[in-house]
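Down below is the structure, laid out as structure tokens.
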Amino acid sequence: MDKLYYDPLPYEVLGIEIFIPDPLQVKDAYKRGDCREFPYWSKVWASSIVLAQWLDDHSELIAGKRTFEVGAGLGLPSFIASKYASSVQISDHIALAVDWIDLNKSKLGASTVSSILFDWRSRPLPFADLVLMSDVGYREDDFSDVHNMIRQYVARGGDVVLTVPARRISSGFIEPLEALVHSRSKFSALDTKVLLLTFGDH
């Protein structure tokens with residue numbers, strides 16, 4: 001079986017072209033039961049586009065920083081950040097997602113990018129000046145672990161940028177973090193409303 005499992009298709013977004021898994025093959029694999037839960041990592045979501053665009057528009061906040069993306073899926077925000085950051089580490093807890101991150105790293109010639117298999121329960125936390133998260137608050141069982149990670153990075157003096165879509169569950173995810181919010185902005189992408197929050201000293 002091919003390491004990537006799905007055929008790569010070119011996908012142009014925000015001035016760069018990355019590979020995404022063939023959506024029809026992903027759907028068929030899920031229907032066959034090849035994966036226990038739907039491979040959310042395999043799609044470019046509205047929250048990742050908003051985060052990537054925000055990073056491109058605020059390059060001065062990224063310049064020279066060591067950046068870490070958690071639950072990155074295909075890693076779009078990180079590849080945009082890599083144009084400005086001193087280093088970028090991209091992570092996901094799905095090994096196949098990390099394989100696709102590596103594929104896109106090679107495609108884009110992103111020499112400052114590295115990848116690791118990691119989730120929000122993993123320790124120790126990688127060092128980072130700036131932590132990126134998009135659409136990570138969709139499963140209540142993960143909320144406390146994600147909250148703890150955000151609090152630890154802010155306590156260390158790091159900055160966190162988080163995007164969440166306008167879903168009912170997102171309100172419950174954000175509420176425990178309200179005291180740490182530095183700024184909030186509303187955007188839209190792919191016909192989806194997205195809230196962007198920063199934590200730390202931005």
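If you're wondering about the labels, chains in the structure tokens are A, B, ... by order shown, residues count from 1 in each chain, ligands from 1 in order shown.
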Counting only C-alpha atoms, which residues of stretch 65-143 of chain A fall within 9 Å of stretch 16-21 of chain A, and what is the closest atom pair for each with its distance in Å at one decimal, ordered by chain and rising number, as a tab-separated table?
```
residue	atom	partner	partner_atom	distance
A:Leu74	CA	A:Ile20	CA	7.5
A:Leu76	CA	A:Ile18	CA	8.1
A:Phe79	CA	A:Ile16	CA	8.9
A:Ile80	CA	A:Ile16	CA	8.4
A:Trp100	CA	A:Phe19	CA	7.8
A:Leu103	CA	A:Phe19	CA	7.7
A:Asn104	CA	A:Ile18	CA	5.8
A:Lys105	CA	A:Ile18	CA	8.9
A:Lys107	CA	A:Ile18	CA	7.2
A:Leu108	CA	A:Ile18	CA	7.5
```
Contact table stretch 121-192 of chain A vs stretch 37-47 of chain A, cut-off 6 Å, shortest pair per residue, only C-alpha atoms, as CSV:
```
residue,atom,partner,partner_atom,distance
A:Ser134,CA,A:Ser47,CA,5.5
A:Asp135,CA,A:Ser47,CA,5.9
A:Thr163,CA,A:Ser47,CA,5.5
A:Val164,CA,A:Ser47,CA,5.9
A:Ala189,CA,A:Ala46,CA,5.1
A:Leu190,CA,A:Ala46,CA,5.7
```
Those same residues, written as a short mmCIF file (atom, residue, chain, number, x, y, z; two decimals), in the first residue's frame with C-alpha atoms?
```
data_model
loop_
_atom_site.label_atom_id
_atom_site.label_comp_id
_atom_site.auth_asym_id
_atom_site.auth_seq_id
_atom_site.Cartn_x
_atom_site.Cartn_y
_atom_site.Cartn_z
CA SER A 134 -7.36 25.96 14.05
CA ASP A 135 -10.64 24.12 14.64
CA THR A 163 -9.49 29.99 15.13
CA VAL A 164 -12.86 28.33 15.67
CA ALA A 189 -14.09 31.70 4.58
CA LEU A 190 -15.75 29.00 2.50
#
```
Need the shell around A:Arg123: protein/DNA/RNA residues with any atom at most 12 Å away, counting only C-alpha atoms. Skip same-chain ones fewer than 4 positions apart. Format as a compact mmCIF listing (two decimals) with N, CA and C atoms, in the first residue's frame?
```
# COMPACT_ATOMS: atom_id res chain seq x y z
N LEU A 117 4.77 13.79 15.26
CA LEU A 117 3.53 13.16 15.69
C LEU A 117 3.29 13.58 17.14
N PHE A 118 2.16 14.25 17.38
CA PHE A 118 1.96 14.89 18.70
C PHE A 118 0.48 15.19 18.89
N ASP A 119 -0.01 15.04 20.14
CA ASP A 119 -1.35 15.53 20.44
C ASP A 119 -1.30 16.33 21.74
N PHE A 127 9.09 23.74 22.70
CA PHE A 127 9.25 25.18 22.92
C PHE A 127 8.73 25.94 21.70
N ASP A 145 -7.73 19.15 27.88
CA ASP A 145 -6.33 19.00 27.47
C ASP A 145 -5.88 20.17 26.62
N ASN A 148 -5.51 23.23 28.88
CA ASN A 148 -4.27 23.16 29.68
C ASN A 148 -3.05 23.52 28.85
N MET A 149 -3.04 23.08 27.61
CA MET A 149 -1.91 23.41 26.73
C MET A 149 -1.83 24.92 26.49
N GLN A 152 -0.57 26.68 29.57
CA GLN A 152 0.87 26.48 29.81
C GLN A 152 1.71 27.35 28.89
```
Open item on the list: When DSSP is applied to the backbone of this structure, which of stretch 11-199 of chain A are assigned strand (DSSP E or B)? Write them out as an MDAnalysis selection string.
Closed with: chainID A and resid 11:13 16:21 66:70 87:92 113:117 130:134 159:165 181:189 192:199
Could you write out the selected residues, including C-alpha atoms, as a PDB file, in the first residue's frame?
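So the final result, stored in part19.pdb, reads:
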```
ATOM      1  CA  TYR A  11      -5.045  22.683  -4.251  1.00  0.00           C
ATOM      2  CA  GLU A  12      -4.302  26.370  -4.674  1.00  0.00           C
ATOM      3  CA  VAL A  13      -4.997  28.629  -1.711  1.00  0.00           C
ATOM      4  CA  ILE A  16       0.479  28.695  -2.725  1.00  0.00           C
ATOM      5  CA  GLU A  17      -0.283  25.244  -4.073  1.00  0.00           C
ATOM      6  CA  ILE A  18      -0.360  22.264  -1.738  1.00  0.00           C
ATOM      7  CA  PHE A  19      -1.403  18.656  -2.194  1.00  0.00           C
ATOM      8  CA  ILE A  20      -4.621  17.375  -0.640  1.00  0.00           C
ATOM      9  CA  PRO A  21      -5.869  13.765  -0.555  1.00  0.00           C
ATOM     10  CA  ARG A  66       9.760  29.774  16.617  1.00  0.00           C
ATOM     11  CA  THR A  67       6.289  28.602  15.667  1.00  0.00           C
ATOM     12  CA  PHE A  68       4.421  25.408  16.542  1.00  0.00           C
ATOM     13  CA  GLU A  69       1.085  24.253  15.072  1.00  0.00           C
ATOM     14  CA  VAL A  70      -1.012  21.715  16.976  1.00  0.00           C
ATOM     15  CA  SER A  87      11.376  27.919  12.355  1.00  0.00           C
ATOM     16  CA  VAL A  88       8.057  26.113  12.152  1.00  0.00           C
ATOM     17  CA  GLN A  89       7.158  22.772  13.678  1.00  0.00           C
ATOM     18  CA  ILE A  90       3.920  21.199  12.442  1.00  0.00           C
ATOM     19  CA  SER A  91       2.164  18.437  14.360  1.00  0.00           C
ATOM     20  CA  ASP A  92      -0.816  16.146  14.229  1.00  0.00           C
ATOM     21  CA  VAL A 113       9.647  23.414   8.549  1.00  0.00           C
ATOM     22  CA  SER A 114       9.777  20.193  10.579  1.00  0.00           C
ATOM     23  CA  SER A 115       7.009  17.791  11.581  1.00  0.00           C
ATOM     24  CA  ILE A 116       6.214  15.597  14.581  1.00  0.00           C
ATOM     25  CA  LEU A 117       3.529  13.156  15.689  1.00  0.00           C
ATOM     26  CA  LEU A 130       3.962  31.333  18.833  1.00  0.00           C
ATOM     27  CA  VAL A 131       1.453  28.462  18.899  1.00  0.00           C
ATOM     28  CA  LEU A 132      -1.152  27.999  16.162  1.00  0.00           C
ATOM     29  CA  MET A 133      -4.427  26.102  16.469  1.00  0.00           C
ATOM     30  CA  SER A 134      -7.362  25.958  14.054  1.00  0.00           C
ATOM     31  CA  ASP A 159       1.482  33.695  22.254  1.00  0.00           C
ATOM     32  CA  VAL A 160      -1.336  31.483  20.981  1.00  0.00           C
ATOM     33  CA  VAL A 161      -3.555  32.171  17.963  1.00  0.00           C
ATOM     34  CA  LEU A 162      -6.732  30.095  17.744  1.00  0.00           C
ATOM     35  CA  THR A 163      -9.492  29.986  15.127  1.00  0.00           C
ATOM     36  CA  VAL A 164     -12.864  28.329  15.674  1.00  0.00           C
ATOM     37  CA  PRO A 165     -15.887  28.105  13.365  1.00  0.00           C
ATOM     38  CA  VAL A 181      -8.118  36.306  25.600  1.00  0.00           C
ATOM     39  CA  HIS A 182      -6.029  39.214  24.366  1.00  0.00           C
ATOM     40  CA  SER A 183      -8.006  39.992  21.196  1.00  0.00           C
ATOM     41  CA  ARG A 184     -10.831  38.616  19.090  1.00  0.00           C
ATOM     42  CA  SER A 185     -11.833  39.145  15.475  1.00  0.00           C
ATOM     43  CA  LYS A 186     -14.513  37.762  13.170  1.00  0.00           C
ATOM     44  CA  PHE A 187     -13.872  36.555   9.634  1.00  0.00           C
ATOM     45  CA  SER A 188     -15.404  34.264   7.054  1.00  0.00           C
ATOM     46  CA  ALA A 189     -14.090  31.702   4.576  1.00  0.00           C
ATOM     47  CA  THR A 192     -18.306  29.806   7.181  1.00  0.00           C
ATOM     48  CA  LYS A 193     -18.076  32.388   9.956  1.00  0.00           C
ATOM     49  CA  VAL A 194     -14.850  32.025  11.946  1.00  0.00           C
ATOM     50  CA  LEU A 195     -13.733  33.595  15.224  1.00  0.00           C
ATOM     51  CA  LEU A 196     -10.022  34.304  15.690  1.00  0.00           C
ATOM     52  CA  LEU A 197      -8.690  34.666  19.247  1.00  0.00           C
ATOM     53  CA  THR A 198      -5.221  35.599  20.442  1.00  0.00           C
ATOM     54  CA  PHE A 199      -3.816  34.739  23.849  1.00  0.00           C
TER      55      PHE A 199
END
```
Task: Best match for closeness to A:Val154 among A:Asp201, A:Asp102, A:Glu178, A:Asp142, counting only C-alpha atoms - done: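 The shortest atom-to-atom distance to A:Val154 comes from A:Asp201.
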TODO: Using DSSP on the backbone coordinates, identify all residues within stretch 101-145 of chain A classified as alpha helix (DSSP H); present the result as a PyMOL selection string.
DONE: chain A and resi 101-108+143-145
Same residues, C-alpha atoms, output as a compact mmCIF listing (two decimals), in the first residue's frame:
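And here is the file that came out, part04.txt:
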```txt
# COMPACT_ATOMS: atom_id res chain seq x y z
CA ILE A 101 2.65 17.47 5.92
CA ASP A 102 6.03 16.08 4.86
CA LEU A 103 4.82 15.74 1.27
CA ASN A 104 3.81 19.40 1.21
CA LYS A 105 7.01 20.44 2.91
CA SER A 106 8.90 18.87 0.00
CA LYS A 107 6.54 20.33 -2.59
CA LEU A 108 6.95 23.86 -1.21
CA PHE A 143 -11.41 20.41 25.81
CA SER A 144 -9.55 20.23 29.12
CA ASP A 145 -6.33 19.00 27.47
```
TODO: Work out how far atom CA of A:Ala72 is from atom CA of A:Gly172, in Å to one decimal.
DONE: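 These atoms are spaced 21.5 Å apart.
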If we count only C-alpha atoms and set the cut-off at 10 Å, which residues sit around A:His147, ignoring sequence neighbours fewer than 5 positions away in its own chain? Please answer as a PDB file with C-alpha atoms, in the first residue's frame.
```
ATOM      1  CA  TRP A 120      -2.458  17.856  23.247  1.00  0.00           C
ATOM      2  CA  GLY A 137     -12.423  22.435  19.739  1.00  0.00           C
ATOM      3  CA  ASP A 142     -10.424  17.016  24.388  1.00  0.00           C
ATOM      4  CA  GLN A 152       0.868  26.483  29.815  1.00  0.00           C
ATOM      5  CA  PHE A 173     -14.906  25.391  24.185  1.00  0.00           C
ATOM      6  CA  ILE A 174     -13.959  29.074  24.386  1.00  0.00           C
ATOM      7  CA  PRO A 176     -13.146  28.644  30.075  1.00  0.00           C
ATOM      8  CA  LEU A 177     -10.425  30.602  28.243  1.00  0.00           C
TER       9      LEU A 177
END
```
Task: Residue nearest A:Trp54 among A:Leu125, A:Cys35, A:Leu24, A:Leu14 (counting only C-alpha atoms) - done: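 That would be A:Leu14, the residue with the smallest distance to A:Trp54.
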TODO: May I ask for the distance between atom CA of A:Ile94 and atom CA of A:Tyr138, given in Å to one decimal place?
DONE: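 Separating atom CA of A:Ile94 from atom CA of A:Tyr138 is a distance of 16.1 Å.
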TODO: Counting only C-alpha atoms, figure out which residue out of A:Gly109, A:Gly64, A:Pro8, A:Pro23 gets nearest to A:Ser86.
DONE: A:Gly64
Open item on the list: When you count only C-alpha atoms, which of these residues is closest to A:Ser82: A:Leu4, A:Val98, A:Ala110, A:Leu61?
Closed with: A:Ala110
Open item on the list: I'd like the interatomic distance between atom CA of A:Ala29 and atom CA of A:Ala97, to a tenth of an Å.
Closed with: 15.1 Å
